[in-house]
Amino acid sequence: MDNLLSEGLTLMVFGMGFVFTFLTLLVVVTTYMSKLVVKYEPAAQPKATSSRPTPTVAVQQGSDELVAVISAAVHKYRS
Amino acid sequence: MDKLLDLWLASGIYNISVGQLVMILVGLGLLYLAIRKNFEPLLLVPIGFGGILANIPEAGLAFSAVENAVHFASPELLANIASVLGISGIDPHDILHAYHTSNTSTHAAATLLANDNNFSNGMLYNFYTVAIASGAAPLIIFMGVGAMTDFGPLLANPKTLFLGAAAQFGIFATVLGAVALTSLGLMDFSIQDAAAIGIIGGADGPTAIYVASLLAPQLLGAIAVAAYSYMALVPLIQPPIMRALTTEAERKIKMVQLRHISKLEKILFPLSLLILVAMLLPDAAPLLGMFCFGNLMRECGVVDRLSDTAQNALINIVTIFLGLSVGSKLSADKFLDIQTLGILVLGIIAFGIGTAMGVLMAKFMNKLAGGNSINPLIGSAGVSAVPMAARVSNKLGLEANSQNFLLMHAMGPNVAGVIGSAVAAGVMIKFVG
């Protein structure tokens, strides 16, 4: 009888400990994986920057002054 | 006149036992709960109907060929079966006991002898063998659940995995409760039975059925019924516990919007989980392996047809057979027992403790994070029961503050709970299986 109870207690301690260890590792792995992806993923950021010059080219034909103003603003915003 | 007598002797009214009558009423009760009260109808309709089918007298739908032979056979055949099983008497109880405890080759010999005498397995027995005894149905359902799960909220806030871990405490506390009842002499559970009962607290139907089929097949009917009934009762069981453990101010906490998750992250997550399982806990590989496979099909974007089948047609087909097979285990001699009462009581305690630990863990994490960033209400969603538990968190959040939408935040711990209970199941299978 006592044997069964201690078996149950062992199962609880080991089981709960293992569940926590496993999920903690999963948190670490997931966080690290997300960081790597955000850092190295090629798709997201270059697209955003490459889409910007295109409208500027279209505007260039309209007014050079406007382009100068916009690029100054962009410079200021970036710095 | 003789023909008329034969007909009467073969009728259900003449043959029905009290236990079968009660179990047919239990089956009708489950159908009532499913149809009228909308309790997990997708599972309880097949389970309830299967329970009725299994208890039709003389039809033997839930029995194997040998069990049917023992029920109907002439004394000569009984003597033959008894000699195959290596016992001398022809008392049906002794024969069935020897049959259930025999090794595989003797088992097969007895089955072939019964087949030679034109006895065959009942329909539900065949369903059970194919769907549950083989382990296939719960695993295929788990694949479908994987294909339906969006890990976005979890990836946006990986710390919610801790909530899914804390809520599994209910499982292990219940194991302890079950062995304590045995030590006190109130019940008679082995450590395997206790482990299978505890997994009800994981609030995950397929996991509970999978573990019960491996560790305690004789309790499977009661465990499955308890697991699915309590999942349906989540909106009633959880709110009082959640209100008792949180303050009004905590319930009002608004959480910041989740960041966007890229497709690549969603593809890499099931693969990382799979590798972690492969390295650390191969015993959880059947459950989590199928789960990851289903999720990868969903996220990779090149096998939409397979993903669609896994989360719709296939899961529906398998659910029908799983429900009927579970129903076949609702036989009077196994279900009408004091143990079933114990399982129902322990199951609801497991649920309550899991909910409470999830909320307390969320409170603790909120304290660590400065006291105003994690709403403790999302902790209760750590007991899987997707998506019901997350909806309950959302509902209580809206009660405290009508602009507080917690649903997506609660989905994180919710799917973490699925992973957590599958890991807990793997640990159980490893330690006591």
# chains A, B, ... in the order shown; residues from 1 in each chain; ligands from 1
$ closest_atom_pairs --of "chain A" --to "chain B" --cutoff "6 Å" --atoms "only C-alpha atoms" --output "CSV"
residue,atom,partner,partner_atom,distance
A:Met1,CA,B:Ser183,CA,5.2
A:Leu5,CA,B:Val179,CA,5.7
A:Gly8,CA,B:Leu176,CA,5.2
A:Met12,CA,B:Phe172,CA,5.0
A:Gly15,CA,B:Val427,CA,5.9
A:Phe20,CA,B:Ala165,CA,5.8
A:Val27,CA,B:Pro158,CA,5.5
$ closest_residue --among "B:Gly122, B:Gly48, B:Gly27, B:Gly412" --to "B:Glu67" --atoms "only C-alpha atoms"
B:Gly122
$ residues_around --residues "B:Gly323" --least-positions-apart "4" --cutoff "9 Å" --atoms "only C-alpha atoms" --output "mmCIF file with C-alpha atoms, in the first residue's frame"
data_model
loop_
_atom_site.group_PDB
_atom_site.id
_atom_site.type_symbol
_atom_site.label_atom_id
_atom_site.label_comp_id
_atom_site.auth_asym_id
_atom_site.auth_seq_id
_atom_site.Cartn_x
_atom_site.Cartn_y
_atom_site.Cartn_z
ATOM 1 C CA LEU B 42 -19.605 15.034 -32.098
ATOM 2 C CA LEU B 43 -18.295 12.485 -29.624
ATOM 3 C CA LEU B 44 -21.163 11.782 -27.267
ATOM 4 C CA VAL B 45 -23.675 10.885 -30.005
ATOM 5 C CA PRO B 46 -21.494 8.017 -31.346
ATOM 6 C CA ILE B 47 -20.432 7.001 -27.812
ATOM 7 C CA GLY B 48 -23.990 6.952 -26.487
ATOM 8 C CA PHE B 49 -25.291 5.058 -29.503
ATOM 9 C CA GLY B 50 -22.388 2.613 -29.365
ATOM 10 C CA VAL B 318 -12.207 8.529 -37.516
ATOM 11 C CA THR B 319 -14.367 10.270 -34.912
ATOM 12 C CA GLY B 327 -19.271 2.974 -26.691
ATOM 13 C CA SER B 328 -18.479 -0.729 -27.032
#
$ closest_residue --among "B:Asn404, B:Ser331, B:Asn117, B:Ser213" --to "B:Met23" --atoms "only C-alpha atoms"
B:Ser331
$ residues_around --residues "stretch 385-393 of chain B" --least-positions-apart "5" --cutoff "8 Å" --atoms "only C-alpha atoms" --output "PyMOL selection string"
chain B and resi 203-204+231+234-235+238-239+377-378+380+406-407+410-411+414-415+418
$ closest_residue --among "B:Asn394, B:Ser11, B:Thr246, B:Asn55" --to "B:Val26" --atoms "only C-alpha atoms"
B:Asn55
$ atom_distance --atom1 "atom CA of B:Ala227" --atom2 "atom CA of A:Thr24"
27.1 Å
$ atom_distance --atom1 "atom CA of B:Ala137" --atom2 "atom CA of B:Ile197"
19.5 Å
$ decode --residues "stretch 182-199 of chain B" --atoms "N, CA and C atoms" --output "PDB file, in the first residue's frame"
ATOM      1  N   THR B 182      -6.706   4.294  -3.015  1.00  0.00           N
ATOM      2  CA  THR B 182      -6.405   2.871  -2.944  1.00  0.00           C
ATOM      3  C   THR B 182      -5.752   2.522  -1.606  1.00  0.00           C
ATOM      4  N   SER B 183      -4.836   3.385  -1.159  1.00  0.00           N
ATOM      5  CA  SER B 183      -4.156   3.126   0.111  1.00  0.00           C
ATOM      6  C   SER B 183      -5.141   3.142   1.267  1.00  0.00           C
ATOM      7  N   LEU B 184      -6.159   4.015   1.159  1.00  0.00           N
ATOM      8  CA  LEU B 184      -7.156   4.076   2.218  1.00  0.00           C
ATOM      9  C   LEU B 184      -8.140   2.912   2.127  1.00  0.00           C
ATOM     10  N   GLY B 185      -8.035   2.129   1.052  1.00  0.00           N
ATOM     11  CA  GLY B 185      -8.905   0.968   0.914  1.00  0.00           C
ATOM     12  C   GLY B 185     -10.275   1.306   0.348  1.00  0.00           C
ATOM     13  N   LEU B 186     -10.463   2.543  -0.149  1.00  0.00           N
ATOM     14  CA  LEU B 186     -11.773   2.928  -0.672  1.00  0.00           C
ATOM     15  C   LEU B 186     -11.992   2.427  -2.096  1.00  0.00           C
ATOM     16  N   MET B 187     -10.893   2.402  -2.883  1.00  0.00           N
ATOM     17  CA  MET B 187     -10.989   1.972  -4.280  1.00  0.00           C
ATOM     18  C   MET B 187      -9.898   0.936  -4.510  1.00  0.00           C
ATOM     19  N   ASP B 188      -9.857   0.438  -5.721  1.00  0.00           N
ATOM     20  CA  ASP B 188      -8.796  -0.506  -6.018  1.00  0.00           C
ATOM     21  C   ASP B 188      -8.183  -0.160  -7.371  1.00  0.00           C
ATOM     22  N   PHE B 189      -7.301   0.843  -7.360  1.00  0.00           N
ATOM     23  CA  PHE B 189      -6.649   1.248  -8.605  1.00  0.00           C
ATOM     24  C   PHE B 189      -5.186   0.829  -8.558  1.00  0.00           C
ATOM     25  N   SER B 190      -4.673   0.299  -9.656  1.00  0.00           N
ATOM     26  CA  SER B 190      -3.234   0.085  -9.753  1.00  0.00           C
ATOM     27  C   SER B 190      -2.607   1.414 -10.185  1.00  0.00           C
ATOM     28  N   ILE B 191      -1.270   1.474 -10.187  1.00  0.00           N
ATOM     29  CA  ILE B 191      -0.607   2.720 -10.574  1.00  0.00           C
ATOM     30  C   ILE B 191      -0.913   3.044 -12.042  1.00  0.00           C
ATOM     31  N   GLN B 192      -1.073   1.985 -12.875  1.00  0.00           N
ATOM     32  CA  GLN B 192      -1.430   2.221 -14.284  1.00  0.00           C
ATOM     33  C   GLN B 192      -2.819   2.843 -14.390  1.00  0.00           C
ATOM     34  N   ASP B 193      -3.775   2.283 -13.607  1.00  0.00           N
ATOM     35  CA  ASP B 193      -5.130   2.848 -13.616  1.00  0.00           C
ATOM     36  C   ASP B 193      -5.074   4.312 -13.203  1.00  0.00           C
ATOM     37  N   ALA B 194      -4.322   4.580 -12.123  1.00  0.00           N
ATOM     38  CA  ALA B 194      -4.247   5.941 -11.598  1.00  0.00           C
ATOM     39  C   ALA B 194      -3.710   6.899 -12.655  1.00  0.00           C
ATOM     40  N   ALA B 195      -2.675   6.456 -13.376  1.00  0.00           N
ATOM     41  CA  ALA B 195      -2.099   7.319 -14.410  1.00  0.00           C
ATOM     42  C   ALA B 195      -3.123   7.609 -15.506  1.00  0.00           C
ATOM     43  N   ALA B 196      -3.877   6.560 -15.901  1.00  0.00           N
ATOM     44  CA  ALA B 196      -4.858   6.749 -16.968  1.00  0.00           C
ATOM     45  C   ALA B 196      -5.994   7.677 -16.514  1.00  0.00           C
ATOM     46  N   ILE B 197      -6.368   7.589 -15.231  1.00  0.00           N
ATOM     47  CA  ILE B 197      -7.428   8.462 -14.726  1.00  0.00           C
ATOM     48  C   ILE B 197      -6.931   9.906 -14.671  1.00  0.00           C
ATOM     49  N   GLY B 198      -5.694  10.069 -14.208  1.00  0.00           N
ATOM     50  CA  GLY B 198      -5.140  11.417 -14.071  1.00  0.00           C
ATOM     51  C   GLY B 198      -5.165  12.170 -15.380  1.00  0.00           C
ATOM     52  N   ILE B 199      -4.938  11.472 -16.492  1.00  0.00           N
ATOM     53  CA  ILE B 199      -4.819  12.154 -17.776  1.00  0.00           C
ATOM     54  C   ILE B 199      -6.136  12.818 -18.180  1.00  0.00           C
TER      55      ILE B 199
END
